[in-house]
Structures are given as structure tokens and as C-alpha cells.
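Visitor: My structure is in run.cif, and what it holds is mmCIF, C-alpha atoms:
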```cif
data_my_file
#
loop_
_atom_site.label_atom_id
_atom_site.label_comp_id
_atom_site.auth_asym_id
_atom_site.auth_seq_id
_atom_site.Cartn_x
_atom_site.Cartn_y
_atom_site.Cartn_z
CA MET A 48 -18.23 15.61 -45.98
CA THR A 49 -15.34 13.68 -47.49
CA ASP A 50 -12.83 15.70 -45.46
CA GLN A 51 -14.89 15.10 -42.32
CA TYR A 52 -14.87 11.35 -42.92
CA ALA A 53 -11.14 11.43 -43.56
CA GLU A 54 -10.60 13.25 -40.27
CA LEU A 55 -12.71 10.61 -38.51
CA ASP A 56 -10.64 7.79 -40.00
CA ALA A 57 -7.43 9.57 -39.00
CA ALA A 58 -8.75 10.07 -35.46
CA LEU A 59 -9.49 6.34 -35.21
CA ASP A 60 -5.99 5.54 -36.45
CA ARG A 61 -4.59 7.74 -33.68
CA VAL A 62 -6.62 5.81 -31.10
CA VAL A 63 -5.24 2.48 -32.35
CA ALA A 64 -1.66 3.78 -32.47
CA SER A 65 -1.98 5.32 -29.01
CA ALA A 66 -3.41 2.11 -27.58
CA ARG A 67 -0.48 0.11 -28.96
CA ALA A 68 2.01 2.65 -27.58
CA HIS A 69 0.32 2.55 -24.18
CA LEU A 70 0.48 -1.26 -24.09
CA ALA A 71 4.16 -1.18 -25.04
CA ALA A 72 4.89 1.32 -22.26
CA VAL A 73 3.01 -0.78 -19.71
CA LYS A 74 4.95 -3.89 -20.70
CA ALA A 75 8.26 -2.04 -20.52
CA ALA A 76 7.46 -0.61 -17.08
CA GLN A 77 6.90 -4.13 -15.66
CA GLY A 78 4.65 -2.92 -12.87
CA ARG A 79 6.65 0.16 -11.81
CA ILE A 80 4.38 2.70 -10.13
CA ASP A 81 4.15 6.23 -11.59
CA ASP A 82 6.26 5.35 -14.61
CA ASP A 83 6.66 8.50 -16.73
CA ASP A 84 6.39 6.69 -20.08
CA VAL A 85 3.20 4.90 -19.02
CA TRP A 86 1.68 8.18 -17.82
CA GLN A 87 2.55 9.98 -21.06
CA ALA A 88 1.15 7.10 -23.13
CA TYR A 89 -2.00 7.12 -20.99
CA VAL A 90 -2.53 10.83 -21.63
CA ASP A 91 -2.00 10.34 -25.37
CA LEU A 92 -4.49 7.45 -25.46
CA ASN A 93 -7.04 9.40 -23.42
CA ASN A 94 -6.83 12.45 -25.66
CA ALA A 95 -6.90 10.40 -28.86
CA SER A 96 -10.04 8.62 -27.60
CA PHE A 97 -11.61 11.95 -26.67
CA GLY A 98 -10.84 13.37 -30.12
CA TYR A 99 -12.33 10.38 -31.91
CA ASP A 100 -15.46 10.51 -29.78
CA GLU A 101 -15.92 14.21 -30.58
CA ARG A 102 -15.52 13.67 -34.34
CA LEU A 103 -17.85 10.67 -34.33
CA LEU A 104 -20.50 12.75 -32.59
CA GLU A 105 -20.03 15.59 -35.05
CA ALA A 106 -20.16 13.37 -38.15
CA TYR A 107 -22.89 10.89 -37.23
CA GLY A 108 -24.42 12.01 -33.96
CA GLU A 109 -23.06 8.84 -32.34
CA VAL A 110 -20.81 8.36 -29.32
CA THR A 111 -18.37 5.74 -28.09
CA PRO A 112 -18.64 3.93 -24.72
CA TRP A 113 -15.52 5.81 -23.57
CA ASP A 114 -16.39 8.32 -20.88
CA VAL A 115 -13.26 10.47 -21.10
CA GLU A 116 -12.38 14.13 -20.94
CA SER A 117 -9.43 15.85 -22.55
CA ILE A 118 -6.34 15.97 -20.30
CA ASP A 119 -3.81 18.80 -20.26
CA PRO A 120 -0.55 16.97 -19.36
CA ASP A 121 0.92 20.01 -17.60
CA GLU A 122 -2.18 20.61 -15.48
CA ALA A 123 -2.43 16.90 -14.63
CA ASP A 124 1.17 16.84 -13.39
CA GLN A 125 0.45 19.74 -11.05
CA ARG A 126 -2.85 18.32 -9.84
CA PHE A 127 -1.70 14.78 -9.12
CA GLY A 128 1.94 15.55 -8.28
CA LEU A 129 3.34 12.73 -10.39
CA GLY A 130 7.07 12.57 -9.80
CA ILE A 131 9.18 15.03 -7.85
CA GLY A 132 10.38 16.68 -11.02
CA GLY A 133 7.27 16.15 -13.19
CA ILE A 134 7.24 14.16 -16.41
CA ASP A 135 10.36 15.77 -17.87
CA GLY A 136 12.24 15.90 -14.56
CA SER A 137 12.96 19.59 -15.07
CA GLU A 138 12.60 20.44 -11.37
CA PRO A 139 15.35 19.44 -8.94
CA ALA A 140 14.88 16.53 -6.57
CA ASP A 141 13.58 17.29 -3.09
CA PRO A 142 16.67 18.14 -0.99
CA TYR A 143 14.80 17.30 2.23
CA GLN A 144 14.24 13.59 1.78
CA GLN A 145 13.08 11.96 5.00
CA VAL A 146 12.60 8.48 6.35
CA ILE A 147 9.78 7.71 8.78
CA SER A 148 10.04 4.80 11.21
CA VAL A 149 6.92 3.26 12.75
CA ARG A 150 7.46 0.91 15.70
CA GLN A 151 4.71 -1.07 17.42
CA ARG A 152 4.48 -3.24 20.53
CA ARG A 153 1.49 -5.22 21.78
CA ASP A 154 1.46 -7.60 24.75
CA TYR A 155 -0.86 -10.60 25.11
CA ARG A 156 -1.99 -12.87 27.91
CA VAL A 157 -2.23 -16.58 27.09
CA PRO A 158 -5.32 -18.02 28.87
CA SER A 159 -4.55 -21.58 27.69
CA VAL A 160 -1.15 -22.63 26.43
CA ALA A 161 -2.53 -25.92 25.13
CA ALA A 162 -5.22 -24.17 23.09
CA LEU A 163 -2.70 -21.77 21.59
CA LEU A 164 -0.38 -24.60 20.61
CA ARG A 165 -3.26 -26.44 18.93
CA ILE A 166 -4.26 -23.56 16.64
CA ALA A 167 -0.60 -22.87 15.82
CA GLU A 168 -0.07 -26.50 14.81
CA ALA A 169 -3.21 -26.34 12.65
CA ALA A 170 -1.86 -23.20 10.94
CA ARG A 171 1.46 -24.92 10.33
CA ARG A 172 -0.21 -28.00 8.83
CA ASN A 173 -2.10 -25.79 6.38
CA SER A 174 1.16 -24.22 5.18
CA VAL A 175 3.15 -27.46 4.79
CA PRO A 176 2.66 -29.93 1.88
CA GLU A 177 0.70 -33.03 2.87
CA ASP A 178 3.68 -35.34 2.23
CA GLU A 179 5.87 -33.42 4.71
CA ASP A 180 5.90 -33.66 8.50
CA PRO A 181 4.92 -30.23 9.90
CA GLY A 182 6.55 -30.98 13.23
CA VAL A 183 5.35 -29.98 16.68
CA VAL A 184 4.96 -26.41 17.93
CA GLU A 185 6.83 -26.58 21.22
CA SER A 186 6.48 -23.16 22.86
CA VAL A 187 4.21 -20.16 23.21
CA GLY A 188 6.66 -17.92 21.36
CA GLU A 189 6.94 -20.40 18.51
CA ALA A 190 3.14 -20.60 18.35
CA VAL A 191 2.75 -16.83 18.05
CA LEU A 192 5.44 -16.68 15.36
CA GLU A 193 3.65 -19.46 13.46
CA LEU A 194 0.39 -17.50 13.50
CA LEU A 195 2.14 -14.39 12.22
CA GLN A 196 3.83 -16.33 9.41
CA ALA A 197 0.55 -17.99 8.46
CA GLY A 198 -1.21 -14.63 8.35
CA ASP A 199 -0.16 -11.36 6.76
CA GLY A 200 2.62 -10.70 9.28
CA SER A 201 0.72 -7.90 11.02
CA LEU A 202 -0.67 -7.94 14.55
CA SER A 203 -4.13 -8.59 13.10
CA SER A 204 -2.93 -12.19 12.62
CA LEU A 205 -3.05 -12.52 16.40
CA ASP A 206 -6.71 -11.54 16.74
CA VAL A 207 -7.69 -15.01 17.96
CA PRO A 208 -9.60 -16.12 21.08
CA GLU A 209 -6.50 -17.97 22.29
CA LEU A 210 -4.70 -14.67 22.85
CA GLU A 211 -5.98 -11.92 25.15
CA PRO A 212 -4.67 -8.49 24.09
CA LEU A 213 -3.12 -6.25 26.74
CA ASP A 214 -1.75 -2.72 26.43
CA GLY A 215 0.40 -1.71 23.51
CA LEU A 216 1.92 1.35 21.93
CA LEU A 217 2.96 2.73 18.58
CA THR A 218 5.66 5.31 17.92
CA VAL A 219 6.41 7.41 14.85
CA SER A 220 9.92 8.82 14.45
CA GLU A 221 11.85 10.77 11.87
CA VAL A 222 15.10 8.89 11.28
CA LYS A 223 18.30 9.67 9.44
CA GLU A 224 18.79 6.30 7.77
CA PRO A 225 16.38 3.50 6.78
CA LEU A 226 16.61 0.14 8.51
CA ASP A 227 19.52 -2.04 7.36
CA LEU A 228 18.58 -5.61 8.26
CA ASP A 229 22.03 -6.93 7.35
CA ALA A 230 23.53 -4.82 10.14
CA PHE A 231 21.85 -6.96 12.81
CA PRO A 232 22.17 -10.72 13.38
CA ASP A 233 18.97 -12.76 13.34
CA GLU A 234 19.12 -13.30 17.09
CA ASP A 235 19.23 -9.54 17.79
CA GLY A 236 15.69 -8.47 18.68
CA THR A 237 16.68 -5.17 20.29
CA GLY A 238 19.06 -3.40 17.94
CA PRO A 239 16.63 -2.89 15.03
CA PHE A 240 14.19 -1.14 17.39
CA THR A 241 16.72 1.04 19.20
CA PRO A 242 16.55 4.71 18.14
CA GLY A 243 19.71 5.91 16.43
CA ALA A 244 21.64 9.08 16.98
CA GLY A 245 19.70 11.97 15.51
CA ASP A 246 16.38 10.11 15.34
CA GLN A 247 13.48 12.29 16.45
CA LEU A 248 10.32 10.95 18.08
CA VAL A 249 7.28 12.61 16.49
CA GLY A 250 4.63 11.03 18.67
CA ARG A 251 3.43 8.00 20.59
CA LEU A 252 0.00 6.36 20.56
CA ASP A 253 -0.96 4.33 23.62
CA GLU A 254 -3.24 1.42 22.80
CA HIS A 255 -5.58 -0.16 25.36
CA PRO A 256 -7.63 -3.29 24.77
CA PHE A 257 -11.32 -2.68 24.14
CA ILE A 258 -13.44 -3.30 27.23
CA PRO A 259 -17.25 -3.14 26.90
CA ASP A 260 -18.88 -0.40 28.97
CA ASP A 261 -20.95 -2.88 30.96
CA GLU A 262 -17.76 -4.61 32.14
CA ASP A 263 -15.73 -1.56 33.10
CA GLU A 264 -17.37 1.83 32.88
CA ASP A 265 -14.23 3.47 34.23
CA SER A 266 -11.85 1.97 31.69
CA GLU A 267 -9.34 4.42 30.30
CA ALA A 268 -9.76 5.50 26.71
CA PRO A 269 -6.82 5.21 24.28
CA GLY A 270 -4.34 8.00 24.90
CA ARG A 271 -2.06 10.00 22.67
CA HIS A 272 1.23 11.55 23.65
CA SER A 273 2.86 13.93 21.21
CA HIS A 274 6.39 15.23 21.39
#
```
I'd like the structure from this file rewritten - as C-alpha cells, please.
Guide:
Amino acid sequence: MTDQYAELDAALDRVVASARAHLAAVKAAQGRIDDDDVWQAYVDLNNASFGYDERLLEAYGEVTPWDVESIDPDEADQRFGLGIGGIDGSEPADPYQQVISVRQRRDYRVPSVAALLRIAEAARRNSVPEDEDPGVVESVGEAVLELLQAGDGSLSSLDVPELEPLDGLLTVSEVKEPLDLDAFPDEDGTGPFTPGAGDQLVGRLDEHPFIPDDEDEDSEAPGRHSH
């Protein structure tokens, strides 16, 4: 029994040491995703916890609250595909790296310019400190930009009654180089969206505004055009 108890104490020590090593790896990674050191420390902590739980059950018939299973690091790398070269980077990097470009356009009708300006000014006031003058929203374009900045920057920020959605489209292309914002001046709204030499269009999704069946039974359903 003495040897069994000693093994249990040693297993607990491994859990504590593994937990400290895992915390140190997490701190060192500073939020990096799929950090190899964090993953290795996680596996060590998982397996140390599993080993302690097994020995505790064997010695006393008790269990821990940790619902873990033993992890084979090699099998886990293959199953979850962590890293192009695995934990040790033994495999070469993918020679076929690709960049995908997604471009979207959506048009809107403005039923009431005054109403749109009002909600844009309200959004601006909410984003400006109370002791500062938010200024006046002077145009429709400025109002739409204000709503986008106040939201998450996506087109969902424009899902407001003051804007009536019209047709839109989305394209997906394989491109040679990622977007370089510094290559285009701020006033250039065309260049960043212009396909480059060698870019290949994968497909286009046509988007139509939703129209209830009782309003237009013959409305066209969203279409898809693949290339």
C-alpha cells in the first residue's frame, strides 16, 4: 500500500507541475492561436490529470471532478490538424499557399433622408464624449458611414427601417497577393476592389431583398452563378 500511496502523491505532484507549466505557456503565448507550447503543455496537463484520477480511483475508489481522457499527442495532431508541420514542424510548409478575396456590394433606397440623418446623428452622439460637440451629419453617405462605424462595420449595421435594401452581390476570388491598403490613397474607392492580374473568380452570389410571398408571389429567389 505504501508504494501505491507514494505513486498517488507523485501523480498529484505531476498535476501541479503540469498546471504551472501550462499557465506559463499561456502567458508566454499572449493570446496566439494554436501556439505549439500551449498545446504541448495542455496535453501534459490533461494526461497528468488523467493519471492522477486513475490512481485515486484505484487506491480509494474515489474520482476527481475532471472529466478527461488520455491524449496521444501524435494522434491529436493528425485529428485536429494543428499546424502545417505538426508540433515539431517536421513536415514542410504547404507550397500552395493561397489568398481568398471576398467582395460584397449592397445597394439601398433611402425613403426619408431626414429620418436617416436623425438616426445617424443619434449614433454619433452615443460614440462621442458628452463634453464634445458631435457635429451635424450633413449627407446621406456620411450618415451611412456613421452607422457602419457605430456598428460592427458589416452590412448588418445597416439593417434599419430608414434604409430599404435593394439587390446586392458577393464574389469570391482566388488572388495572388493579399490587399495592401497602403498602396491606395484614402480617396480611392475603386482600386482596392479591382481584380488584379492573375486573380481568378471562383463564384458570385446574387442577393435579392426578401419580399413576403403575399406581396410578390413571382419574386425571384436568390441566384448563384459559379465560374
Visitor: Considering only C-alpha atoms, state which residue in the set A:Pro208, A:Gly245, A:Gly250, A:Pro232 is at the smallest distance from Ser159 in chain A.
Guide: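 Using only C-alpha atoms, the shortest distance to Ser159 in chain A belongs to A:Pro208.
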Visitor: Which is closest to Pro225 in chain A among A:Asp178, A:Glu211, A:Asp246, A:Asp206, if we use all atoms listed in the file?
Guide: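 So, comparing all the options, the nearest one is A:Asp246.
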Visitor: For CA of Leu213 in chain A and CA of Asp233 in chain A, quote the distance in Å rounded to one decimal.
Guide: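 We find that CA of Leu213 in chain A and CA of Asp233 in chain A lie 26.6 Å from each other.
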Visitor: So which one's closest to Gln51 in chain A, A:Glu168, A:Glu105, A:Asp229, A:Asp235? Using only C-alpha atoms, please.
Guide: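 Once distances to Gln51 in chain A are computed over only C-alpha atoms, the minimum belongs to A:Glu105.
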Visitor: Could you tell me how far CA of Leu228 in chain A sits from CA of Leu210 in chain A, in Å to one decimal place?
Guide: 28.9 Å
Visitor: Between CA of Ala72 in chain A and CA of Ser117 in chain A, what is the spacing in Å?
Guide: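 Spanning CA of Ser117 in chain A to CA of Ala72 in chain A is a straight-line distance of 20.4 Å.
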Visitor: Might you pull out every residue within 8 Å of Leu217 in chain A, with all atoms listed in the file counted and same-chain residues fewer than 6 positions away left off, and present them as a PyMOL selection string?
Guide: chain A and resi 149-152+251-254
Visitor: So, counting only C-alpha atoms, which residue among A:Ser201, A:Thr241, A:Gln247, A:Asn94 is closest to Ser220 in chain A?
Guide: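 Closest to Ser220 in chain A, using only C-alpha atoms: A:Gln247.
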Visitor: Once the PyMOL selection byres ((chain A and resi 184) around 8) has been applied to the shown file, what residues remain in the selection, as a list in words?
Guide: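 Selection result, ordered by chain and number: Leu164, Ala167, Glu168, Gly182, Val183, Glu185, Ser186, Glu189 and Ala190 of chain A.
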Visitor: Please write as a list in words the full residue list that the PyMOL selection byres ((chain A and resi 56-67) around 8) yields on this file.
Guide: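 Selected by the PyMOL selection byres ((chain A and resi 56-67) around 8) here: Tyr52, Ala53, Glu54, Leu55, Ala68, His69, Leu70, Ala71, Ala88, Asp91, Leu92, Ala95, Ser96, Gly98, Tyr99 and Arg102 of chain A.
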Visitor: Please determine, counting only C-alpha atoms, which residue among A:Pro212, A:Ala162, A:Pro120, A:Ile147 has the shortest atom-to-atom distance to Asp83 in chain A.
Guide: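 Smallest separation from Asp83 in chain A among the options: A:Pro120.
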Visitor: From the list A:Leu192, A:Val115, A:Leu226, A:Val85, which residue is nearest Gly243 in chain A when using only C-alpha atoms?
Guide: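 Residue with the minimum atom-to-atom distance to Gly243 in chain A: A:Leu226.
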Visitor: Produce the centre coordinates and the three edge lengths, each in Å to one decimal, of the box along x, y and z that contains all listed atoms of range 176-190 of chain A with 8 Å added on each side, as JSON.
Guide:
```
{"center_x": 3.8, "center_y": -26.6, "center_z": 12.5, "size_x": 22.2, "size_y": 33.4, "size_z": 37.3}
```
Visitor: Show me the residues around (-17.9, 8.0, -19.0) - criterion: an atom at most 12 Å away, all atoms listed in the file counted - as a list in words.
Guide: Asn93, Ser96, Phe97, Asp100, Val110, Thr111, Pro112, Trp113, Asp114, Val115 and Glu116 of chain A
